[in-house]
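The block underneath contains the structure these notes are about, expressed in C-alpha cells.
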Amino acid sequence: MDPVIRFNHVGFHYGGPWALRDVEFTVGEGELVGVLGANGSGKTTLLKIADGLLVPQKGEVFLKGRPLSIYSRAELAREVAMVPQETHFHFAFSVLEVVLMGRFPYLGRFQFEGRRDMEVAREALAATHSTELAERSIYELSGGEKQRVLIARALAQEPSLILLDEPTSFLDLKFKKEIFDLISSLVHSRSLSGLVVSHDIELAAAYCDKLVMLKHGRIASMGSPEDIVTSQNIEDVYGCPVVVDENPLTGAPRVSVV
Amino acid sequence: MDSHIIRRPLTPGRVLKVSSILGVSLAVTVIISLMLGTANVSLEDVLRMFFHGSQVKESARLIVLKIRLPRIFLAGFTGFSLSLGGLVFQALLRNPLADPFVLGVSSGAAFGAVMGIIFGVGFSIGVPLFSFCGALLTIYLVLTISRRKMGVESATAILAGVIVNAFFTAIIMFFIATSSEDRLHSMLFWLYGDLSQSQIAYSGIIAPVAFFGFALLYSFSRHLNLLAAGEEAALHLGVNVERAKFICFITVSLMVGLVVSFSGLIGFVGLIVPHLSRMILGSDHRLLMPVSALGGALFLIVADTAARTVISPSELPVGVITAFLGAPFFIYLLKTRGSRWTR
C-alpha cells in the first residue's frame, strides 16, 4: 500500500542556498512522525511543502500515491490539515465558527453548513474535549484551549494527514502533555497520519512512532525514537552537549543539557 | 454532555430574516425622508404619488419625485457601497480601521474624477471611469507600499492609506484653488460629500454596479471569514487567497470609484456601519454583508436627510453630518469596547 505521504528526494530553496536537500521519508497510515532539528534547519519549510504551500524545485512529494502538484487547493484541504504554531484572531469568532471553517473545502460558493457538517464539527469538538467551549469566543480561550480548538478545526477537514507546526511551543508543561496525548490518540485511533514539528525532544520521543532529525536541510538521522535520541545525534544536530538516559518511570529517552 | 446541544451558528433563514427586517426599515426610512424637507409633504400625498399620481399637487409631485427621490436613491447606493467596501477591506486587512476613506481609495477616486473633469470627459461614463481608475491606482499603491516578504502588513497599509489620502487631497485642493471662482464652491462641496445635484439617471448607473458587486462579493463571503482569521490559515483551509483578494479589491474599487464620482468624499460610513454590525451580529460575513450594505444605505439616507433639513432652507454637505455623528460615536466605541472586536 502507498504511504500517505512520501517525500521523494525533495530539494527546496527560497532563491538562495538550499533550505532542504535530498529529503526522503514517508509517513504511513496511523503513523505519527516527529521532525526535530535546530532553528533554521528546514522543519517549517518541510511542513509547508507537505501542505502544498511551497513547491520543491527538486524531487517530488506524493500524497496517497498521486503527485502533490496535481491537487487543487480545495482537494488538498480535504486531505491535509495544518495546525499552526500560534494563531491570532482579529475577529470575535465563536469556537464553533472556527471549527466549522474546517468545512470550507467541502462547501459550494453559496452553500451553508448542513447537517453532516455539523455532525463532523460536533464530533471534532468532542474528540478534542472542547464541546463545552463551542459557544465561547475564541478570544476568551487559554493557549491550551485554543490549540485544542485548532486541532478540532483540522479534524473537521476530515484529512488523511495532519501537520502540526510546533503545536506546544507556547504552552506550559501540563498543556504540552495534554496536546501530545491528544495528537497521538487521534492519530492512532482513527487511521490518521501525523507529521509534527517540535522542539520538545522528550515529548516527541515519547509519543512519535518515528523521528526525523534535520540538520541544515538534510536528514541527519531517522528511525525509532530509541535509536535516534542519542547524545551523539542530538549534539550533532543542535550543537549542544547533552546526556541521554532512560526515564526511570516510562523508559522513554530523557535528555539533559550539560 | 448530551444535554449540550450545539446549534448551527448561521442559517440561510436567519440571513433572510435579518435582511428583511433591515429592508423594511430601509423602505420606511425612504418614505419618511421623502416627506421631509423645506416643503413638508404629507404621508398620504407621498403614498398617493406612487399609486394614483393624478390627485397630488404638481409642485409637491415635482419636489418628491424629481428632487428628493433621486437624491435618496443616490444616498442609499452610496451608503450601500461604502459600507460594504469598509466591511470587505476590514476583513481583507484584518484591521478595524480599514475603510475606503481611510485607505485613501475614496480620495484616489476623487482625484481620478477631478482629472476627468479637467480633461473634459463626459460626466455620465467618462468621469466615473476616471474615478474607478483613481481608486484602483490607490489600492495598488497602498498594497505595494505595505507589501512585505510575508504579505501585506495591515498596519502599514493603513499608514500608506493615510499618506496617499493626504497626497491626493493636496492635489485636489491645488486644482480647486487654481480653478475659476464659480466652480470652486461646487467642488468644495463635492469634496465633503454632496448629494444635492442628484439625478435619477445616476442611480441607473450605480444600481447595477452595486447589485452586481454585492453578488460577486457575497460569493466570497466564506472566503472573507477565513481571510479574517488569517491568510495562512485560509490557505491551509483551501482558499485561493491571491485570487480572492484580487477580485475583492477590484470589486470594491469599482463600487467606491463609481459612488465617489457622483457623491464626493463621504467618510465614516464604511467604518461605523460594519463596526456596529459586527458588535451586534458577530463575525460571519454571510450575515454581515447584507446587514452592512443595507445598514449603510439606511445610515446615509438618514444623514443626508439631516443634511438638507437641519439648517433649511440652506444645506450642509452630507460628509459633515457623517463626521459629526461618526467621530463621537467612534470615540465612544473605542473607549467602551476597546480596540478589539468582541461581541
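Order determines the names: the first chain of the C-alpha cells is A, the second B, and so forth; residues in each chain are numbered 1 upward, and ligands are numbered 1 upward as they are shown.
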Taking only C-alpha atoms into account, produce a table as a Markdown table in which each residue of chain B with an atom at most 8 Å from an atom of chain A appears once, together with its shortest atom pair and the distance in Å to one decimal, ordered by chain and rising number.
| residue | atom | partner | partner_atom | distance |
| --- | --- | --- | --- | --- |
| B:His4 | CA | A:Glu132 | CA | 7.7 |
| B:Ile6 | CA | A:Ala134 | CA | 7.2 |
| B:Arg8 | CA | A:Met118 | CA | 6.9 |
| B:Pro9 | CA | A:Glu97 | CA | 6.9 |
| B:Leu10 | CA | A:Phe112 | CA | 7.8 |
| B:Thr11 | CA | A:Phe112 | CA | 6.7 |
| B:Pro12 | CA | A:Phe112 | CA | 7.0 |
| B:Arg94 | CA | A:His90 | CA | 6.2 |
| B:Asn95 | CA | A:His90 | CA | 7.5 |
| B:Ser219 | CA | A:Arg109 | CA | 5.7 |
| B:Phe220 | CA | A:Arg109 | CA | 7.3 |
| B:Arg222 | CA | A:Phe104 | CA | 7.7 |
| B:Leu226 | CA | A:Met101 | CA | 6.9 |
| B:Ala228 | CA | A:Phe91 | CA | 6.9 |
| B:Ala229 | CA | A:Phe89 | CA | 5.6 |
| B:Gly230 | CA | A:Phe89 | CA | 7.3 |
| B:Ala233 | CA | A:Pro84 | CA | 7.8 |
| B:Leu235 | CA | A:Arg73 | CA | 7.7 |
| B:His236 | CA | A:Met82 | CA | 6.3 |
| B:Leu237 | CA | A:Ala77 | CA | 5.3 |
| B:Gly238 | CA | A:Ala74 | CA | 4.3 |
| B:Val239 | CA | A:Arg73 | CA | 6.7 |
| B:Asn240 | CA | A:Arg73 | CA | 6.7 |
| B:Gly282 | CA | A:Ala92 | CA | 6.7 |
| B:Ser283 | CA | A:Phe93 | CA | 5.7 |
| B:Asp284 | CA | A:Phe93 | CA | 7.7 |
| B:Arg340 | CA | A:His90 | CA | 7.5 |
| B:Trp341 | CA | A:Phe91 | CA | 5.7 |
| B:Thr342 | CA | A:Ala92 | CA | 5.1 |
| B:Arg343 | CA | A:Ala92 | CA | 6.4 |
Subject >> B:Pro274 surroundings by only C-alpha atoms, 7 Å radius, close-in-sequence under 6 positions cut, as a ChimeraX atom specification >> reply: /B:83,86-87,292
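Nearest residue to A:Gly34, choosing from A:Val255, A:Val149, A:Leu214, A:Ala156 and counting only C-alpha atoms: A:Leu214.
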Original post:
What are the DSSP strand (DSSP E) residues of stretch 6-254 of chain A, as a ChimeraX atom specification?
Top reply: /A:6-13,18-27,32-37,58-63,66-67,80-83,161-165,193-197,210-215,218-223,242-246,253-254
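Picture a line from atom CA of B:Ala327 to atom CA of B:Gly296; it runs 16.1 Å.
Atom CA of A:Gly223 sits 22.4 Å away from atom CA of A:Val257.
Once B:Phe189 and its same-chain neighbours fewer than 6 positions away are set aside, Gly264, Leu316 and Pro317 of chain B remain within 9 Å of it when counting only C-alpha atoms.
Distance check against A:Phe12 using only C-alpha atoms: of A:Gly28, A:Gly143, A:Gly217, A:Pro159, the minimum falls on A:Gly217.
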